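Notes for the one structure printed next.
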Amino acid sequence: FKLARQKMKANEHRFKMILDASTEAILLQVEGAVVFANLEALHLFGYAQPAQVIGRSVLEFVHPDNRDYIIQRMKSGQDQGKFGPPMRIRGLHASGSSSDMEIISTPIEFNGRLGSQLVVHDITENLVMEQVLSDSEEKYRLLFETSPFAIFIVDFDSLEVRDANEAASRLYGYSLQELRALHIPDLHPTGVVPELQKHIANQDPRAEYHGLWRQRKKDGQEFDAEVHAKGLHLEDRNYRVVVVVDVSERESLEAQLRQSHKMEAVGRLPGGVA
């Protein structure tokens with residue numbers, strides 16, 4: 001019996017050493033009370049000694065606004081005997097301040113009693129970054145939707161139109177839903193498509209591109225457009241952000257200007273003969 005106890009204590013010591021070496025904050029709780037906290041957990045919550053934490057209710061480390069939620073989780077048995085989904089709460093520090101934390105709970109048996117291992121992450125920085133990304137996404141979505149130029153998001157491999165803005169809808173005469181069901185070749189005259197496909201096949205998906213291409217609207221009307229494309233890599237796929245600028249009106253004005261200059265030149269010749 002004495003040997004068994006010594007072996008159990010040795011195992012417990014080894015177990016604690018492993019947890020203390022972890023770079024993650026880990027608490028063990030039994031019947032709602034903390035029975036172990038590793039060094040990283042002490043650091044996270046702002047305590048110097050395990051004695052400042054051991055024996056206290058886990059609720060003391062949770063913001064009052066989240067305590068009912070924790071009690072409900074514990075009563076439901078999700079954290080005792082079976083895995084529960086991650087919990088996002090406001091954790092309380094020794095200083096009285098709080099921060100956003102995520103807790104992953106795993107059922108364990110500690111000294112013959114059912115409890116749980118709580119792996120705690122401070123996610124304050126993550127949440128701030130999520131908000132920054134969300135704000136950034138909203139800002140660029142607004143720029144995308146309100147741009148006066150037609151913009152497409154195109155799958156580089158399949159040439160599917162994944163997204164388009166209102167300006168593209170107005171320029172080509174398709175609804176946004178219709179545009180999102182098309183492929184880029186559908187927006188060009190049939191005679192241009194083989195050259196277009198050959199051109200795209202030889203392109204580096206990351207390279208920028210600028211060129212003049214003949215386009216076709218829903219009603220069959222054709223027009224010339226400057227096409228600007230830039231690579232975009234998202235979720236392991238290559239996309240192109242394609243901006244299309246109708247230059248038919250500009251070309252018409254340039255032609256008129258050239259004709260005007262020609263007529264002026266003709267008028268300066270003797271007898272008005274070219």
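Numbering starts fresh at 1 for the residues of each chain in the structure tokens, the chains themselves are lettered A, B, ... in the order given, and ligands are numbered from 1 as they appear.
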
(request) Excluding Gln215 of chain A and any residue of its chain fewer than 6 positions from it, enumerate the residues within 6 Å of it, using only C-alpha atoms, and give them as a list in words. (result) Leu187, His188, Glu222, Phe223 and Asp224 of chain A

(message) Quick check for you: according to DSSP on this backbone, which residues of segment 16-130 of chain A are classed as strand (DSSP E or B)? Reply as a PyMOL selection string.
(response) chain A and resi 25-30+33-37+57+62+87-92+98-110+113-122

(request) Show which residues sit within 6 Å of His93 of chain A, as a count of residues only. Count only C-alpha atoms, and ignore same-chain residues fewer than 3 positions away. (result) 5

(request) Excluding segment 237-247 of chain A and any residue of its chain fewer than 4 positions from it, enumerate the residues within 8 Å of it, using only C-alpha atoms, and give them as a ChimeraX atom specification. (result) /A:149-157,205,223-233,251

Taking C-alpha atoms for each residue, export the selection above as a tab-separated table (two decimals), in the first residue's frame.
```
chain	number	residue	atom	x	y	z
A	149	PHE	CA	-15.61	51.35	-62.51
A	150	ALA	CA	-16.74	47.81	-63.24
A	151	ILE	CA	-14.91	45.39	-60.92
A	152	PHE	CA	-14.93	41.59	-61.03
A	153	ILE	CA	-13.46	38.94	-58.74
A	154	VAL	CA	-12.57	36.05	-61.03
A	155	ASP	CA	-11.39	32.51	-60.28
A	156	PHE	CA	-8.11	32.32	-62.19
A	157	ASP	CA	-8.38	28.59	-63.01
A	205	PRO	CA	-1.65	34.36	-61.72
A	223	PHE	CA	-17.37	48.00	-76.95
A	224	ASP	CA	-13.66	48.45	-76.32
A	225	ALA	CA	-12.41	48.49	-72.74
A	226	GLU	CA	-9.17	48.88	-70.86
A	227	VAL	CA	-8.73	45.87	-68.61
A	228	HIS	CA	-6.60	46.05	-65.46
A	229	ALA	CA	-6.03	42.78	-63.58
A	230	LYS	CA	-4.14	41.89	-60.44
A	231	GLY	CA	-3.58	38.54	-58.69
A	232	LEU	CA	-5.24	37.69	-55.38
A	233	HIS	CA	-4.55	34.53	-53.35
A	251	GLU	CA	-12.00	56.50	-78.62
```

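We find atom CA of Ser105 of chain A and atom CA of Leu127 of chain A to be spaced 20.4 Å apart.
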
(message) Would you pick out the contacts of segment 118-125 of chain A at 7 Å or less, using only C-alpha atoms, so that residues sharing its chain but fewer than 4 positions from it are not included, and give the list as JSON, numbers by chain?
(response) {"A": [24, 25, 26, 27, 28, 99, 100, 101, 102, 103, 104, 105, 106, 129]}

Preceding selection exported with all heavy atoms as a compact mmCIF listing (two decimals), in the first residue's frame:
```txt
# COMPACT_ATOMS: atom_id res chain seq x y z
N GLU A 24 0.86 26.78 -22.33
CA GLU A 24 -0.55 27.16 -22.25
C GLU A 24 -0.99 27.21 -20.78
O GLU A 24 -0.50 26.45 -19.94
CB GLU A 24 -1.43 26.18 -23.02
CG GLU A 24 -1.15 26.17 -24.50
CD GLU A 24 -2.17 25.34 -25.27
OE1 GLU A 24 -2.26 24.13 -25.00
OE2 GLU A 24 -2.86 25.90 -26.12
N ALA A 25 -1.92 28.11 -20.50
CA ALA A 25 -2.44 28.23 -19.14
C ALA A 25 -3.42 27.08 -18.88
O ALA A 25 -4.40 26.91 -19.61
CB ALA A 25 -3.15 29.57 -18.96
N ILE A 26 -3.13 26.29 -17.83
CA ILE A 26 -3.95 25.11 -17.54
C ILE A 26 -4.38 25.12 -16.08
O ILE A 26 -3.56 25.28 -15.17
CB ILE A 26 -3.18 23.81 -17.85
CG1 ILE A 26 -2.79 23.77 -19.33
CG2 ILE A 26 -4.01 22.59 -17.47
CD1 ILE A 26 -1.90 22.60 -19.70
N LEU A 27 -5.68 24.94 -15.88
CA LEU A 27 -6.26 24.78 -14.54
C LEU A 27 -6.95 23.42 -14.47
O LEU A 27 -7.49 22.95 -15.47
CB LEU A 27 -7.30 25.86 -14.27
CG LEU A 27 -6.87 27.33 -14.27
CD1 LEU A 27 -8.10 28.23 -14.22
CD2 LEU A 27 -5.97 27.62 -13.08
N LEU A 28 -6.90 22.82 -13.28
CA LEU A 28 -7.69 21.62 -13.04
C LEU A 28 -8.73 21.98 -11.99
O LEU A 28 -8.41 22.61 -10.97
CB LEU A 28 -6.83 20.47 -12.53
CG LEU A 28 -5.65 20.03 -13.41
CD1 LEU A 28 -4.95 18.82 -12.78
CD2 LEU A 28 -6.11 19.69 -14.82
N SER A 99 -10.20 40.47 -19.04
CA SER A 99 -9.85 40.36 -20.45
C SER A 99 -10.62 39.21 -21.07
O SER A 99 -11.15 38.34 -20.36
CB SER A 99 -8.34 40.14 -20.63
OG SER A 99 -7.95 38.91 -20.06
N ASP A 100 -10.70 39.23 -22.40
CA ASP A 100 -11.43 38.18 -23.11
C ASP A 100 -10.61 36.90 -23.12
O ASP A 100 -9.42 36.91 -23.45
CB ASP A 100 -11.73 38.62 -24.54
CG ASP A 100 -12.75 39.74 -24.58
OD1 ASP A 100 -13.92 39.48 -24.23
OD2 ASP A 100 -12.38 40.87 -24.95
N MET A 101 -11.26 35.80 -22.77
CA MET A 101 -10.57 34.51 -22.73
C MET A 101 -11.42 33.43 -23.37
O MET A 101 -12.65 33.52 -23.40
CB MET A 101 -10.26 34.10 -21.28
CG MET A 101 -9.34 35.06 -20.55
SD MET A 101 -8.97 34.48 -18.87
CE MET A 101 -7.95 35.85 -18.27
N GLU A 102 -10.75 32.42 -23.87
CA GLU A 102 -11.43 31.23 -24.39
C GLU A 102 -10.97 30.05 -23.56
O GLU A 102 -9.78 29.88 -23.31
CB GLU A 102 -11.10 31.00 -25.86
CG GLU A 102 -11.84 29.81 -26.46
CD GLU A 102 -11.55 29.63 -27.93
OE1 GLU A 102 -10.43 29.19 -28.26
OE2 GLU A 102 -12.43 29.94 -28.75
N ILE A 103 -11.93 29.24 -23.14
CA ILE A 103 -11.62 28.08 -22.30
C ILE A 103 -12.04 26.81 -23.02
O ILE A 103 -13.18 26.68 -23.47
CB ILE A 103 -12.36 28.16 -20.94
CG1 ILE A 103 -11.97 29.45 -20.21
CG2 ILE A 103 -12.06 26.94 -20.08
CD1 ILE A 103 -12.73 29.66 -18.92
N ILE A 104 -11.10 25.88 -23.11
CA ILE A 104 -11.38 24.56 -23.68
C ILE A 104 -11.36 23.56 -22.54
O ILE A 104 -10.36 23.42 -21.83
CB ILE A 104 -10.34 24.18 -24.75
CG1 ILE A 104 -10.36 25.22 -25.88
CG2 ILE A 104 -10.62 22.79 -25.30
CD1 ILE A 104 -9.24 25.04 -26.87
N SER A 105 -12.48 22.90 -22.33
CA SER A 105 -12.62 22.00 -21.18
C SER A 105 -12.56 20.53 -21.61
O SER A 105 -13.19 20.14 -22.59
CB SER A 105 -13.97 22.28 -20.51
OG SER A 105 -14.18 21.37 -19.46
N THR A 106 -11.76 19.77 -20.87
CA THR A 106 -11.62 18.33 -21.13
C THR A 106 -11.88 17.57 -19.84
O THR A 106 -11.30 17.89 -18.80
CB THR A 106 -10.19 18.00 -21.62
OG1 THR A 106 -9.87 18.84 -22.73
CG2 THR A 106 -10.09 16.55 -22.02
N MET A 129 -7.85 42.01 -33.46
CA MET A 129 -7.47 41.77 -34.85
C MET A 129 -8.68 41.41 -35.70
O MET A 129 -8.82 41.86 -36.84
CB MET A 129 -6.42 40.65 -34.92
CG MET A 129 -5.88 40.42 -36.33
SD MET A 129 -5.16 41.92 -37.06
CE MET A 129 -3.73 42.13 -35.99
```

(message) Under the rule that only C-alpha atoms are counted, which of A:Val53, A:Ile89, A:Val128, A:Ala21 is the nearest residue to Asp65 of chain A?
(response) A:Ile89

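Taking atom CA of Ala168 of chain A and atom CA of Tyr140 of chain A as the two end points, the separation is 16.5 Å.
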
As a PDB file with N, CA and C atoms, in the first residue's frame, please: every residue in segment 53-145 of chain A that a backbone DSSP assignment puts in alpha helix (DSSP H).
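That gives us result-v7.pdb:
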```
ATOM      1  N   PRO A  64     -18.372  38.654 -13.327  1.00  0.00           N
ATOM      2  CA  PRO A  64     -19.752  38.414 -12.858  1.00  0.00           C
ATOM      3  C   PRO A  64     -20.776  38.251 -13.986  1.00  0.00           C
ATOM      4  N   ASP A  65     -20.573  38.942 -15.090  1.00  0.00           N
ATOM      5  CA  ASP A  65     -21.523  38.852 -16.204  1.00  0.00           C
ATOM      6  C   ASP A  65     -21.547  37.469 -16.836  1.00  0.00           C
ATOM      7  N   ASN A  66     -20.485  36.672 -16.635  1.00  0.00           N
ATOM      8  CA  ASN A  66     -20.397  35.355 -17.269  1.00  0.00           C
ATOM      9  C   ASN A  66     -20.576  34.199 -16.294  1.00  0.00           C
ATOM     10  N   ARG A  67     -20.773  34.508 -15.012  1.00  0.00           N
ATOM     11  CA  ARG A  67     -20.817  33.423 -14.020  1.00  0.00           C
ATOM     12  C   ARG A  67     -22.033  32.522 -14.179  1.00  0.00           C
ATOM     13  N   ASP A  68     -23.182  33.080 -14.494  1.00  0.00           N
ATOM     14  CA  ASP A  68     -24.377  32.254 -14.695  1.00  0.00           C
ATOM     15  C   ASP A  68     -24.160  31.267 -15.835  1.00  0.00           C
ATOM     16  N   TYR A  69     -23.477  31.734 -16.879  1.00  0.00           N
ATOM     17  CA  TYR A  69     -23.190  30.871 -18.026  1.00  0.00           C
ATOM     18  C   TYR A  69     -22.305  29.702 -17.598  1.00  0.00           C
ATOM     19  N   ILE A  70     -21.252  29.999 -16.796  1.00  0.00           N
ATOM     20  CA  ILE A  70     -20.351  28.941 -16.331  1.00  0.00           C
ATOM     21  C   ILE A  70     -21.108  27.949 -15.445  1.00  0.00           C
ATOM     22  N   ILE A  71     -21.948  28.464 -14.545  1.00  0.00           N
ATOM     23  CA  ILE A  71     -22.741  27.592 -13.649  1.00  0.00           C
ATOM     24  C   ILE A  71     -23.635  26.677 -14.475  1.00  0.00           C
ATOM     25  N   GLN A  72     -24.273  27.248 -15.490  1.00  0.00           N
ATOM     26  CA  GLN A  72     -25.151  26.465 -16.356  1.00  0.00           C
ATOM     27  C   GLN A  72     -24.390  25.363 -17.066  1.00  0.00           C
ATOM     28  N   ARG A  73     -23.201  25.700 -17.543  1.00  0.00           N
ATOM     29  CA  ARG A  73     -22.383  24.701 -18.223  1.00  0.00           C
ATOM     30  C   ARG A  73     -21.996  23.566 -17.283  1.00  0.00           C
ATOM     31  N   MET A  74     -21.646  23.929 -16.055  1.00  0.00           N
ATOM     32  CA  MET A  74     -21.235  22.902 -15.103  1.00  0.00           C
ATOM     33  C   MET A  74     -22.419  22.045 -14.664  1.00  0.00           C
ATOM     34  N   LYS A  75     -23.567  22.666 -14.477  1.00  0.00           N
ATOM     35  CA  LYS A  75     -24.767  21.921 -14.071  1.00  0.00           C
ATOM     36  C   LYS A  75     -25.238  20.976 -15.167  1.00  0.00           C
ATOM     37  N   SER A  76     -25.083  21.423 -16.414  1.00  0.00           N
ATOM     38  CA  SER A  76     -25.562  20.611 -17.538  1.00  0.00           C
ATOM     39  C   SER A  76     -24.705  19.370 -17.743  1.00  0.00           C
ATOM     40  N   THR A 124      -7.833  38.465 -26.215  1.00  0.00           N
ATOM     41  CA  THR A 124      -8.062  39.902 -26.396  1.00  0.00           C
ATOM     42  C   THR A 124      -7.453  40.399 -27.695  1.00  0.00           C
ATOM     43  N   GLU A 125      -6.179  40.047 -27.923  1.00  0.00           N
ATOM     44  CA  GLU A 125      -5.492  40.505 -29.136  1.00  0.00           C
ATOM     45  C   GLU A 125      -6.158  39.936 -30.386  1.00  0.00           C
ATOM     46  N   ASN A 126      -6.587  38.664 -30.299  1.00  0.00           N
ATOM     47  CA  ASN A 126      -7.259  38.044 -31.442  1.00  0.00           C
ATOM     48  C   ASN A 126      -8.556  38.767 -31.787  1.00  0.00           C
ATOM     49  N   LEU A 127      -9.323  39.128 -30.742  1.00  0.00           N
ATOM     50  CA  LEU A 127     -10.590  39.812 -30.972  1.00  0.00           C
ATOM     51  C   LEU A 127     -10.373  41.190 -31.573  1.00  0.00           C
ATOM     52  N   VAL A 128      -9.321  41.867 -31.089  1.00  0.00           N
ATOM     53  CA  VAL A 128      -9.000  43.183 -31.660  1.00  0.00           C
ATOM     54  C   VAL A 128      -8.656  43.034 -33.138  1.00  0.00           C
ATOM     55  N   MET A 129      -7.846  42.007 -33.457  1.00  0.00           N
ATOM     56  CA  MET A 129      -7.467  41.772 -34.850  1.00  0.00           C
ATOM     57  C   MET A 129      -8.681  41.410 -35.698  1.00  0.00           C
ATOM     58  N   GLU A 130      -9.584  40.605 -35.138  1.00  0.00           N
ATOM     59  CA  GLU A 130     -10.813  40.257 -35.858  1.00  0.00           C
ATOM     60  C   GLU A 130     -11.627  41.503 -36.177  1.00  0.00           C
ATOM     61  N   GLN A 131     -11.674  42.429 -35.204  1.00  0.00           N
ATOM     62  CA  GLN A 131     -12.421  43.668 -35.415  1.00  0.00           C
ATOM     63  C   GLN A 131     -11.752  44.524 -36.487  1.00  0.00           C
ATOM     64  N   VAL A 132     -10.417  44.578 -36.429  1.00  0.00           N
ATOM     65  CA  VAL A 132      -9.676  45.359 -37.436  1.00  0.00           C
ATOM     66  C   VAL A 132      -9.931  44.790 -38.826  1.00  0.00           C
ATOM     67  N   LEU A 133      -9.856  43.450 -38.937  1.00  0.00           N
ATOM     68  CA  LEU A 133     -10.090  42.803 -40.225  1.00  0.00           C
ATOM     69  C   LEU A 133     -11.513  43.012 -40.696  1.00  0.00           C
ATOM     70  N   SER A 134     -12.455  42.947 -39.748  1.00  0.00           N
ATOM     71  CA  SER A 134     -13.864  43.162 -40.090  1.00  0.00           C
ATOM     72  C   SER A 134     -14.080  44.582 -40.599  1.00  0.00           C
ATOM     73  N   ASP A 135     -13.470  45.555 -39.892  1.00  0.00           N
ATOM     74  CA  ASP A 135     -13.592  46.959 -40.313  1.00  0.00           C
ATOM     75  C   ASP A 135     -12.953  47.156 -41.679  1.00  0.00           C
ATOM     76  N   SER A 136     -11.786  46.501 -41.868  1.00  0.00           N
ATOM     77  CA  SER A 136     -11.084  46.622 -43.141  1.00  0.00           C
ATOM     78  C   SER A 136     -11.908  46.009 -44.263  1.00  0.00           C
ATOM     79  N   GLU A 137     -12.494  44.839 -43.983  1.00  0.00           N
ATOM     80  CA  GLU A 137     -13.321  44.170 -44.990  1.00  0.00           C
ATOM     81  C   GLU A 137     -14.528  45.029 -45.351  1.00  0.00           C
ATOM     82  N   GLU A 138     -15.146  45.620 -44.330  1.00  0.00           N
ATOM     83  CA  GLU A 138     -16.303  46.480 -44.575  1.00  0.00           C
ATOM     84  C   GLU A 138     -15.905  47.695 -45.410  1.00  0.00           C
ATOM     85  N   LYS A 139     -14.726  48.275 -45.106  1.00  0.00           N
ATOM     86  CA  LYS A 139     -14.263  49.450 -45.833  1.00  0.00           C
ATOM     87  C   LYS A 139     -14.025  49.115 -47.300  1.00  0.00           C
ATOM     88  N   TYR A 140     -13.338  47.971 -47.562  1.00  0.00           N
ATOM     89  CA  TYR A 140     -13.043  47.609 -48.942  1.00  0.00           C
ATOM     90  C   TYR A 140     -14.284  47.128 -49.684  1.00  0.00           C
ATOM     91  N   ARG A 141     -15.215  46.512 -48.974  1.00  0.00           N
ATOM     92  CA  ARG A 141     -16.485  46.126 -49.589  1.00  0.00           C
ATOM     93  C   ARG A 141     -17.228  47.377 -50.047  1.00  0.00           C
ATOM     94  N   LEU A 142     -17.200  48.438 -49.222  1.00  0.00           N
ATOM     95  CA  LEU A 142     -17.859  49.694 -49.585  1.00  0.00           C
ATOM     96  C   LEU A 142     -17.201  50.306 -50.822  1.00  0.00           C
ATOM     97  N   LEU A 143     -15.854  50.297 -50.863  1.00  0.00           N
ATOM     98  CA  LEU A 143     -15.137  50.820 -52.025  1.00  0.00           C
ATOM     99  C   LEU A 143     -15.464  50.002 -53.270  1.00  0.00           C
ATOM    100  N   PHE A 144     -15.536  48.708 -53.102  1.00  0.00           N
ATOM    101  CA  PHE A 144     -15.851  47.794 -54.206  1.00  0.00           C
ATOM    102  C   PHE A 144     -17.245  48.077 -54.763  1.00  0.00           C
ATOM    103  N   GLU A 145     -18.207  48.211 -53.871  1.00  0.00           N
ATOM    104  CA  GLU A 145     -19.597  48.367 -54.295  1.00  0.00           C
ATOM    105  C   GLU A 145     -19.895  49.743 -54.867  1.00  0.00           C
TER     106      GLU A 145
END
```

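The residue that comes closest to His183 of chain A, out of A:Arg90, A:Lys217, A:Arg162, A:His210 and on the basis of only C-alpha atoms, is A:Arg162.
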
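Here the question is which of A:Leu92, A:Ala33, A:Ile184, A:Ala201 gets nearest to Gln117 of chain A using only C-alpha atoms, and that residue is A:Ala33.
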